[in-house]
Amino acid sequence: MAAGTYRARVIVLRKTRLGESDLILTMLSEDGSQIRAVAKGARKPSSQFASRLELYAVAEVLLASGRSLDIVKEARLVRGFKRIRGSMERAAGASGMAELLDRVTQLGLENEKLFALTESAFEHLDGAEIKAVPALTAAHILKAMAFSGFRPSLATCVCCGKDVDLAQAGSTIFVSYAEGGSICAACAPSNETIRLQSEVCAWTNVFLVSTFDRIEAFDVDLSTSFSVLQFCQSWVREHVGANLKSLQFFFTSGLFE
């Protein structure tokens, strides 16, 4: 292999136009770090990259190191997840996952769990029924945040460690995004909190700890899944400092009505 080149297994997270025919690709590497590289001529229909570096695809790439951006020299498609890009609902879910990863990953910062998590999430998204998309999206965001050091604590009070009962139907739970999760009634007066329905907190916790197989099989209504996504939006805003535009589209597009 020539000096200054390296191979990587990647998931394509974002494409940005550059010039008349090139693309800047933001990719999640198998080690969990972010790679940004230029694919020259990728927007030309005749380019080898056109079908091998689609959004959300898994690919094997050969890259040449550059000063500011690396250069894609070769690409081989591994998994295309064609149904994601062919469905507005599935694409909306994948976009939310990818936007978060674009925010929490960095060049040279390894976080190996993120790649396997995202590949599995895209695999389930590609084959799931449309009604499962919001739940799968929320689950990926919660797990990715946890792997990035921002895991919410919902079953125990973040202040004193006391168990918080999430099973009380119709009740509300004190939650502080800044402090990191649920707060018991005794600690609530000393903290800035909001009240969330216990059912929403319970499902948020379930999505966080369950496999995608289980989540896909759950009989959870769309309104609850959307409430968990609202929690995710607030959680990301607090701990990453980003308002995910993809989730905002989820809430306003009417795709799941």
# chains A, B, ... in the order shown; residues from 1 in each chain; ligands from 1
$ residues_around --residues "Lys162 of chain A" --least-positions-apart "4" --cutoff "9 Å" --atoms "only C-alpha atoms" --output "list in words"
Ala155, Thr156, Cys157, Val158, Ile183 and Cys184 of chain A
$ write_last_selection --atoms "C-alpha atoms" --output "PDB file, in the first residue's frame"
ATOM      1  CA  ALA A 155     -34.863   4.367  37.556  1.00  0.00           C
ATOM      2  CA  THR A 156     -32.905   5.963  40.418  1.00  0.00           C
ATOM      3  CA  CYS A 157     -32.669   9.514  41.728  1.00  0.00           C
ATOM      4  CA  VAL A 158     -29.548  11.206  40.362  1.00  0.00           C
ATOM      5  CA  ILE A 183     -35.123  13.108  40.785  1.00  0.00           C
ATOM      6  CA  CYS A 184     -37.152  11.859  43.732  1.00  0.00           C
TER       7      CYS A 184
END
$ residues_around --residues "Glu119 of chain A" --least-positions-apart "5" --cutoff "9 Å" --atoms "only C-alpha atoms" --output "mmCIF file with all heavy atoms, in the first residue's frame"
data_model
loop_
_atom_site.group_PDB
_atom_site.id
_atom_site.type_symbol
_atom_site.label_atom_id
_atom_site.label_comp_id
_atom_site.auth_asym_id
_atom_site.auth_seq_id
_atom_site.Cartn_x
_atom_site.Cartn_y
_atom_site.Cartn_z
ATOM 1 N N ILE A 11 -19.486 3.903 7.690
ATOM 2 C CA ILE A 11 -20.895 4.165 7.425
ATOM 3 C C ILE A 11 -21.000 5.628 7.015
ATOM 4 O O ILE A 11 -20.484 6.510 7.703
ATOM 5 C CB ILE A 11 -21.781 3.906 8.659
ATOM 6 C CG1 ILE A 11 -21.738 2.429 9.066
ATOM 7 C CG2 ILE A 11 -23.230 4.333 8.386
ATOM 8 C CD1 ILE A 11 -22.473 2.118 10.356
ATOM 9 N N TYR A 56 -25.999 6.359 4.475
ATOM 10 C CA TYR A 56 -26.310 5.284 5.413
ATOM 11 C C TYR A 56 -25.741 3.932 4.978
ATOM 12 O O TYR A 56 -25.934 2.932 5.665
ATOM 13 C CB TYR A 56 -27.824 5.176 5.658
ATOM 14 C CG TYR A 56 -28.493 6.520 5.790
ATOM 15 C CD1 TYR A 56 -29.616 6.851 5.027
ATOM 16 C CD2 TYR A 56 -27.978 7.497 6.650
ATOM 17 C CE1 TYR A 56 -30.207 8.109 5.131
ATOM 18 C CE2 TYR A 56 -28.569 8.748 6.750
ATOM 19 C CZ TYR A 56 -29.677 9.048 5.982
ATOM 20 O OH TYR A 56 -30.262 10.289 6.073
ATOM 21 N N ALA A 57 -25.031 3.871 3.849
ATOM 22 C CA ALA A 57 -24.444 2.613 3.396
ATOM 23 C C ALA A 57 -23.193 2.285 4.198
ATOM 24 O O ALA A 57 -22.496 3.173 4.703
ATOM 25 C CB ALA A 57 -24.101 2.697 1.912
ATOM 26 N N VAL A 58 -22.903 0.977 4.300
ATOM 27 C CA VAL A 58 -21.640 0.504 4.853
ATOM 28 C C VAL A 58 -20.715 0.213 3.679
ATOM 29 O O VAL A 58 -21.113 -0.443 2.716
ATOM 30 C CB VAL A 58 -21.834 -0.771 5.693
ATOM 31 C CG1 VAL A 58 -20.500 -1.249 6.265
ATOM 32 C CG2 VAL A 58 -22.837 -0.534 6.818
ATOM 33 N N LEU A 114 -20.072 2.479 18.791
ATOM 34 C CA LEU A 114 -20.982 3.260 17.954
ATOM 35 C C LEU A 114 -21.190 2.640 16.579
ATOM 36 O O LEU A 114 -22.293 2.713 16.021
ATOM 37 C CB LEU A 114 -20.469 4.696 17.805
ATOM 38 C CG LEU A 114 -20.551 5.588 19.041
ATOM 39 C CD1 LEU A 114 -19.950 6.948 18.759
ATOM 40 C CD2 LEU A 114 -21.993 5.728 19.524
ATOM 41 N N HIS A 124 -32.117 -2.926 11.212
ATOM 42 C CA HIS A 124 -33.497 -3.063 11.689
ATOM 43 C C HIS A 124 -34.407 -2.033 11.032
ATOM 44 O O HIS A 124 -35.544 -2.345 10.669
ATOM 45 C CB HIS A 124 -33.543 -2.929 13.209
ATOM 46 C CG HIS A 124 -33.074 -4.149 13.940
ATOM 47 N ND1 HIS A 124 -31.745 -4.430 14.143
ATOM 48 C CD2 HIS A 124 -33.763 -5.195 14.472
ATOM 49 C CE1 HIS A 124 -31.629 -5.573 14.795
ATOM 50 N NE2 HIS A 124 -32.830 -6.052 14.999
#
$ select_by_dssp --residues "segment 29-230 of chain A" --states "alpha helix (DSSP H)" --output "ChimeraX atom specification"
/A:82-85,88-104,113-127,133-147,198-209,212-217,222-230
$ closest_residue --among "A:Ile84, A:Leu154, A:Val38, A:Leu23" --to "Gly66 of chain A" --atoms "only C-alpha atoms"
A:Val38
$ closest_residue --among "A:Ser33, A:Ser46, A:Ser246, A:Gln230" --to "Asn111 of chain A" --atoms "only C-alpha atoms"
A:Ser33
$ select_by_dssp --residues "segment 8-179 of chain A" --states "strand (DSSP E)" --output "PDB file with N, CA, C and O atoms, in the first residue's frame"
ATOM      1  N   ALA A   8     -10.423   1.644   5.447  1.00  0.00           N
ATOM      2  CA  ALA A   8     -11.358   1.775   6.561  1.00  0.00           C
ATOM      3  C   ALA A   8     -12.719   1.217   6.164  1.00  0.00           C
ATOM      4  O   ALA A   8     -13.108   1.295   4.998  1.00  0.00           O
ATOM      5  N   ARG A   9     -13.392   0.652   7.125  1.00  0.00           N
ATOM      6  CA  ARG A   9     -14.797   0.260   6.966  1.00  0.00           C
ATOM      7  C   ARG A   9     -15.622   1.379   7.561  1.00  0.00           C
ATOM      8  O   ARG A   9     -15.386   1.777   8.715  1.00  0.00           O
ATOM      9  N   VAL A  10     -16.560   1.912   6.803  1.00  0.00           N
ATOM     10  CA  VAL A  10     -17.255   3.132   7.222  1.00  0.00           C
ATOM     11  C   VAL A  10     -18.764   3.035   6.993  1.00  0.00           C
ATOM     12  O   VAL A  10     -19.234   2.209   6.209  1.00  0.00           O
ATOM     13  N   ILE A  11     -19.486   3.903   7.690  1.00  0.00           N
ATOM     14  CA  ILE A  11     -20.895   4.165   7.425  1.00  0.00           C
ATOM     15  C   ILE A  11     -21.000   5.628   7.015  1.00  0.00           C
ATOM     16  O   ILE A  11     -20.484   6.510   7.703  1.00  0.00           O
ATOM     17  N   VAL A  12     -21.636   5.881   5.884  1.00  0.00           N
ATOM     18  CA  VAL A  12     -21.758   7.256   5.375  1.00  0.00           C
ATOM     19  C   VAL A  12     -22.860   7.979   6.145  1.00  0.00           C
ATOM     20  O   VAL A  12     -24.023   7.562   6.143  1.00  0.00           O
ATOM     21  N   LEU A  13     -22.499   9.065   6.801  1.00  0.00           N
ATOM     22  CA  LEU A  13     -23.441   9.825   7.622  1.00  0.00           C
ATOM     23  C   LEU A  13     -23.990  11.059   6.913  1.00  0.00           C
ATOM     24  O   LEU A  13     -25.154  11.420   7.076  1.00  0.00           O
ATOM     25  N   ARG A  14     -23.145  11.722   6.143  1.00  0.00           N
ATOM     26  CA  ARG A  14     -23.575  12.997   5.543  1.00  0.00           C
ATOM     27  C   ARG A  14     -22.789  13.249   4.264  1.00  0.00           C
ATOM     28  O   ARG A  14     -21.615  12.873   4.163  1.00  0.00           O
ATOM     29  N   LYS A  15     -23.449  13.890   3.309  1.00  0.00           N
ATOM     30  CA  LYS A  15     -22.809  14.313   2.067  1.00  0.00           C
ATOM     31  C   LYS A  15     -22.965  15.822   1.919  1.00  0.00           C
ATOM     32  O   LYS A  15     -24.053  16.357   2.124  1.00  0.00           O
ATOM     33  N   THR A  16     -21.882  16.474   1.552  1.00  0.00           N
ATOM     34  CA  THR A  16     -21.914  17.919   1.322  1.00  0.00           C
ATOM     35  C   THR A  16     -21.315  18.210  -0.048  1.00  0.00           C
ATOM     36  O   THR A  16     -20.224  17.728  -0.367  1.00  0.00           O
ATOM     37  N   ARG A  17     -22.022  18.975  -0.860  1.00  0.00           N
ATOM     38  CA  ARG A  17     -21.537  19.288  -2.201  1.00  0.00           C
ATOM     39  C   ARG A  17     -20.281  20.145  -2.142  1.00  0.00           C
ATOM     40  O   ARG A  17     -20.154  21.052  -1.318  1.00  0.00           O
ATOM     41  N   LEU A  18     -19.351  19.836  -3.054  1.00  0.00           N
ATOM     42  CA  LEU A  18     -18.121  20.600  -3.181  1.00  0.00           C
ATOM     43  C   LEU A  18     -17.857  20.813  -4.661  1.00  0.00           C
ATOM     44  O   LEU A  18     -17.677  19.859  -5.423  1.00  0.00           O
ATOM     45  N   ASP A  22     -17.873  17.214  -6.980  1.00  0.00           N
ATOM     46  CA  ASP A  22     -17.284  16.490  -5.856  1.00  0.00           C
ATOM     47  C   ASP A  22     -18.219  16.483  -4.645  1.00  0.00           C
ATOM     48  O   ASP A  22     -19.187  17.245  -4.572  1.00  0.00           O
ATOM     49  N   LEU A  23     -17.911  15.610  -3.696  1.00  0.00           N
ATOM     50  CA  LEU A  23     -18.655  15.531  -2.449  1.00  0.00           C
ATOM     51  C   LEU A  23     -17.687  15.445  -1.277  1.00  0.00           C
ATOM     52  O   LEU A  23     -16.650  14.780  -1.359  1.00  0.00           O
ATOM     53  N   ILE A  24     -18.035  16.121  -0.191  1.00  0.00           N
ATOM     54  CA  ILE A  24     -17.357  15.890   1.077  1.00  0.00           C
ATOM     55  C   ILE A  24     -18.215  14.894   1.852  1.00  0.00           C
ATOM     56  O   ILE A  24     -19.414  15.122   2.063  1.00  0.00           O
ATOM     57  N   LEU A  25     -17.623  13.786   2.247  1.00  0.00           N
ATOM     58  CA  LEU A  25     -18.326  12.741   2.978  1.00  0.00           C
ATOM     59  C   LEU A  25     -17.933  12.775   4.452  1.00  0.00           C
ATOM     60  O   LEU A  25     -16.742  12.826   4.778  1.00  0.00           O
ATOM     61  N   THR A  26     -18.929  12.775   5.310  1.00  0.00           N
ATOM     62  CA  THR A  26     -18.703  12.580   6.739  1.00  0.00           C
ATOM     63  C   THR A  26     -19.067  11.136   7.044  1.00  0.00           C
ATOM     64  O   THR A  26     -20.198  10.708   6.772  1.00  0.00           O
ATOM     65  N   MET A  27     -18.114  10.385   7.596  1.00  0.00           N
ATOM     66  CA  MET A  27     -18.297   8.947   7.765  1.00  0.00           C
ATOM     67  C   MET A  27     -17.941   8.508   9.179  1.00  0.00           C
ATOM     68  O   MET A  27     -17.059   9.090   9.824  1.00  0.00           O
ATOM     69  N   LEU A  28     -18.632   7.481   9.633  1.00  0.00           N
ATOM     70  CA  LEU A  28     -18.327   6.852  10.914  1.00  0.00           C
ATOM     71  C   LEU A  28     -17.439   5.654  10.637  1.00  0.00           C
ATOM     72  O   LEU A  28     -17.827   4.730   9.930  1.00  0.00           O
ATOM     73  N   SER A  29     -16.221   5.676  11.186  1.00  0.00           N
ATOM     74  CA  SER A  29     -15.291   4.573  10.989  1.00  0.00           C
ATOM     75  C   SER A  29     -15.604   3.430  11.941  1.00  0.00           C
ATOM     76  O   SER A  29     -16.298   3.608  12.954  1.00  0.00           O
ATOM     77  N   GLN A  34     -14.614   9.719  13.588  1.00  0.00           N
ATOM     78  CA  GLN A  34     -15.189  10.343  12.394  1.00  0.00           C
ATOM     79  C   GLN A  34     -14.121  10.520  11.328  1.00  0.00           C
ATOM     80  O   GLN A  34     -12.970  10.862  11.635  1.00  0.00           O
ATOM     81  N   ILE A  35     -14.492  10.277  10.076  1.00  0.00           N
ATOM     82  CA  ILE A  35     -13.614  10.524   8.938  1.00  0.00           C
ATOM     83  C   ILE A  35     -14.334  11.490   7.998  1.00  0.00           C
ATOM     84  O   ILE A  35     -15.500  11.291   7.677  1.00  0.00           O
ATOM     85  N   ARG A  36     -13.624  12.529   7.559  1.00  0.00           N
ATOM     86  CA  ARG A  36     -14.161  13.452   6.555  1.00  0.00           C
ATOM     87  C   ARG A  36     -13.231  13.396   5.355  1.00  0.00           C
ATOM     88  O   ARG A  36     -12.018  13.559   5.487  1.00  0.00           O
ATOM     89  N   ALA A  37     -13.805  13.128   4.196  1.00  0.00           N
ATOM     90  CA  ALA A  37     -12.989  12.940   3.007  1.00  0.00           C
ATOM     91  C   ALA A  37     -13.724  13.434   1.769  1.00  0.00           C
ATOM     92  O   ALA A  37     -14.955  13.484   1.727  1.00  0.00           O
ATOM     93  N   VAL A  38     -12.950  13.776   0.748  1.00  0.00           N
ATOM     94  CA  VAL A  38     -13.498  14.217  -0.521  1.00  0.00           C
ATOM     95  C   VAL A  38     -13.575  13.030  -1.480  1.00  0.00           C
ATOM     96  O   VAL A  38     -12.602  12.291  -1.644  1.00  0.00           O
ATOM     97  N   ALA A  39     -14.733  12.836  -2.088  1.00  0.00           N
ATOM     98  CA  ALA A  39     -14.910  11.857  -3.161  1.00  0.00           C
ATOM     99  C   ALA A  39     -15.007  12.644  -4.458  1.00  0.00           C
ATOM    100  O   ALA A  39     -16.049  13.230  -4.764  1.00  0.00           O
ATOM    101  N   VAL A  58     -22.903   0.977   4.300  1.00  0.00           N
ATOM    102  CA  VAL A  58     -21.640   0.504   4.853  1.00  0.00           C
ATOM    103  C   VAL A  58     -20.715   0.213   3.679  1.00  0.00           C
ATOM    104  O   VAL A  58     -21.113  -0.443   2.716  1.00  0.00           O
ATOM    105  N   ALA A  59     -19.490   0.716   3.738  1.00  0.00           N
ATOM    106  CA  ALA A  59     -18.562   0.551   2.623  1.00  0.00           C
ATOM    107  C   ALA A  59     -17.148   0.317   3.130  1.00  0.00           C
ATOM    108  O   ALA A  59     -16.792   0.703   4.257  1.00  0.00           O
ATOM    109  N   GLU A  60     -16.345  -0.321   2.281  1.00  0.00           N
ATOM    110  CA  GLU A  60     -14.902  -0.440   2.497  1.00  0.00           C
ATOM    111  C   GLU A  60     -14.246   0.595   1.590  1.00  0.00           C
ATOM    112  O   GLU A  60     -14.489   0.603   0.378  1.00  0.00           O
ATOM    113  N   VAL A  61     -13.425   1.464   2.162  1.00  0.00           N
ATOM    114  CA  VAL A  61     -12.822   2.529   1.367  1.00  0.00           C
ATOM    115  C   VAL A  61     -11.308   2.541   1.524  1.00  0.00           C
ATOM    116  O   VAL A  61     -10.764   2.150   2.555  1.00  0.00           O
ATOM    117  N   LEU A  62     -10.662   2.988   0.470  1.00  0.00           N
ATOM    118  CA  LEU A  62      -9.230   3.267   0.494  1.00  0.00           C
ATOM    119  C   LEU A  62      -9.089   4.775   0.433  1.00  0.00           C
ATOM    120  O   LEU A  62      -9.631   5.425  -0.480  1.00  0.00           O
ATOM    121  N   LEU A  63      -8.382   5.337   1.402  1.00  0.00           N
ATOM    122  CA  LEU A  63      -8.270   6.789   1.509  1.00  0.00           C
ATOM    123  C   LEU A  63      -6.810   7.213   1.483  1.00  0.00           C
ATOM    124  O   LEU A  63      -5.933   6.502   1.980  1.00  0.00           O
ATOM    125  N   ALA A  64      -6.583   8.372   0.911  1.00  0.00           N
ATOM    126  CA  ALA A  64      -5.262   9.000   0.930  1.00  0.00           C
ATOM    127  C   ALA A  64      -5.312  10.165   1.914  1.00  0.00           C
ATOM    128  O   ALA A  64      -6.225  10.999   1.863  1.00  0.00           O
ATOM    129  N   ASP A  70      -9.134  14.072   3.816  1.00  0.00           N
ATOM    130  CA  ASP A  70      -8.590  12.925   3.105  1.00  0.00           C
ATOM    131  C   ASP A  70      -9.293  12.780   1.755  1.00  0.00           C
ATOM    132  O   ASP A  70     -10.317  13.422   1.497  1.00  0.00           O
ATOM    133  N   ILE A  71      -8.753  11.919   0.901  1.00  0.00           N
ATOM    134  CA  ILE A  71      -9.297  11.719  -0.438  1.00  0.00           C
ATOM    135  C   ILE A  71      -9.703  10.252  -0.601  1.00  0.00           C
ATOM    136  O   ILE A  71      -8.927   9.351  -0.288  1.00  0.00           O
ATOM    137  N   VAL A  72     -10.930  10.029  -1.047  1.00  0.00           N
ATOM    138  CA  VAL A  72     -11.387   8.666  -1.315  1.00  0.00           C
ATOM    139  C   VAL A  72     -10.802   8.215  -2.655  1.00  0.00           C
ATOM    140  O   VAL A  72     -11.050   8.840  -3.691  1.00  0.00           O
ATOM    141  N   LYS A  73     -10.035   7.128  -2.613  1.00  0.00           N
ATOM    142  CA  LYS A  73      -9.419   6.600  -3.831  1.00  0.00           C
ATOM    143  C   LYS A  73     -10.209   5.425  -4.411  1.00  0.00           C
ATOM    144  O   LYS A  73     -10.334   5.276  -5.615  1.00  0.00           O
ATOM    145  N   GLU A  74     -10.714   4.570  -3.535  1.00  0.00           N
ATOM    146  CA  GLU A  74     -11.494   3.413  -3.947  1.00  0.00           C
ATOM    147  C   GLU A  74     -12.625   3.203  -2.952  1.00  0.00           C
ATOM    148  O   GLU A  74     -12.527   3.610  -1.787  1.00  0.00           O
ATOM    149  N   ALA A  75     -13.695   2.566  -3.385  1.00  0.00           N
ATOM    150  CA  ALA A  75     -14.820   2.255  -2.492  1.00  0.00           C
ATOM    151  C   ALA A  75     -15.497   0.973  -2.944  1.00  0.00           C
ATOM    152  O   ALA A  75     -15.664   0.743  -4.146  1.00  0.00           O
ATOM    153  N   ARG A  76     -15.863   0.168  -1.968  1.00  0.00           N
ATOM    154  CA  ARG A  76     -16.612  -1.063  -2.242  1.00  0.00           C
ATOM    155  C   ARG A  76     -17.831  -1.104  -1.331  1.00  0.00           C
ATOM    156  O   ARG A  76     -17.701  -1.004  -0.112  1.00  0.00           O
ATOM    157  N   LEU A  77     -19.016  -1.225  -1.930  1.00  0.00           N
ATOM    158  CA  LEU A  77     -20.240  -1.282  -1.144  1.00  0.00           C
ATOM    159  C   LEU A  77     -20.326  -2.607  -0.398  1.00  0.00           C
ATOM    160  O   LEU A  77     -20.145  -3.673  -0.979  1.00  0.00           O
ATOM    161  N   VAL A  78     -20.613  -2.538   0.895  1.00  0.00           N
ATOM    162  CA  VAL A  78     -20.779  -3.734   1.720  1.00  0.00           C
ATOM    163  C   VAL A  78     -22.255  -3.991   1.999  1.00  0.00           C
ATOM    164  O   VAL A  78     -22.756  -5.082   1.787  1.00  0.00           O
ATOM    165  N   ARG A  79     -22.955  -2.971   2.473  1.00  0.00           N
ATOM    166  CA  ARG A  79     -24.390  -3.075   2.749  1.00  0.00           C
ATOM    167  C   ARG A  79     -25.052  -1.761   2.337  1.00  0.00           C
ATOM    168  O   ARG A  79     -24.644  -0.687   2.789  1.00  0.00           O
ATOM    169  N   THR A 172     -46.625  11.297  37.488  1.00  0.00           N
ATOM    170  CA  THR A 172     -45.559  12.061  36.849  1.00  0.00           C
ATOM    171  C   THR A 172     -44.263  11.893  37.632  1.00  0.00           C
ATOM    172  O   THR A 172     -44.280  11.611  38.838  1.00  0.00           O
ATOM    173  N   ILE A 173     -43.152  12.081  36.927  1.00  0.00           N
ATOM    174  CA  ILE A 173     -41.823  11.925  37.517  1.00  0.00           C
ATOM    175  C   ILE A 173     -41.079  13.255  37.378  1.00  0.00           C
ATOM    176  O   ILE A 173     -41.150  13.913  36.345  1.00  0.00           O
ATOM    177  N   PHE A 174     -40.371  13.639  38.437  1.00  0.00           N
ATOM    178  CA  PHE A 174     -39.501  14.810  38.352  1.00  0.00           C
ATOM    179  C   PHE A 174     -38.261  14.431  37.538  1.00  0.00           C
ATOM    180  O   PHE A 174     -37.622  13.400  37.799  1.00  0.00           O
ATOM    181  N   VAL A 175     -37.918  15.255  36.557  1.00  0.00           N
ATOM    182  CA  VAL A 175     -36.755  14.997  35.713  1.00  0.00           C
ATOM    183  C   VAL A 175     -35.952  16.279  35.572  1.00  0.00           C
ATOM    184  O   VAL A 175     -36.520  17.364  35.389  1.00  0.00           O
ATOM    185  N   SER A 176     -34.638  16.135  35.657  1.00  0.00           N
ATOM    186  CA  SER A 176     -33.734  17.255  35.388  1.00  0.00           C
ATOM    187  C   SER A 176     -32.764  16.824  34.290  1.00  0.00           C
ATOM    188  O   SER A 176     -31.959  15.916  34.499  1.00  0.00           O
TER     189      SER A 176
END
$ residues_around --residues "Val133 of chain A" --least-positions-apart "2" --cutoff "12 Å" --atoms "only C-alpha atoms" --output "PyMOL selection string"
chain A and resi 84+87-97+121-131+135-140+212+215-218+220-222+225-226+229+250+255-256
$ closest_residue --among "A:Cys159, A:Ala42, A:Leu107, A:Leu247" --to "Glu179 of chain A" --atoms "only C-alpha atoms"
A:Cys159
$ atom_distance --atom1 "atom CA of Phe251 of chain A" --atom2 "atom CA of Phe150 of chain A"
23.2 Å
$ atom_distance --atom1 "atom CA of Val240 of chain A" --atom2 "atom CA of Gly32 of chain A"
17.2 Å
$ residues_around --residues "Leu244 of chain A" --least-positions-apart "3" --cutoff "9 Å" --atoms "only C-alpha atoms" --output "VMD selection string"
chain A and resid 96 99 to 100 233 236 to 237 247 to 249
$ atom_distance --atom1 "atom CA of Leu55 of chain A" --atom2 "atom CA of Ser227 of chain A"
27.1 Å
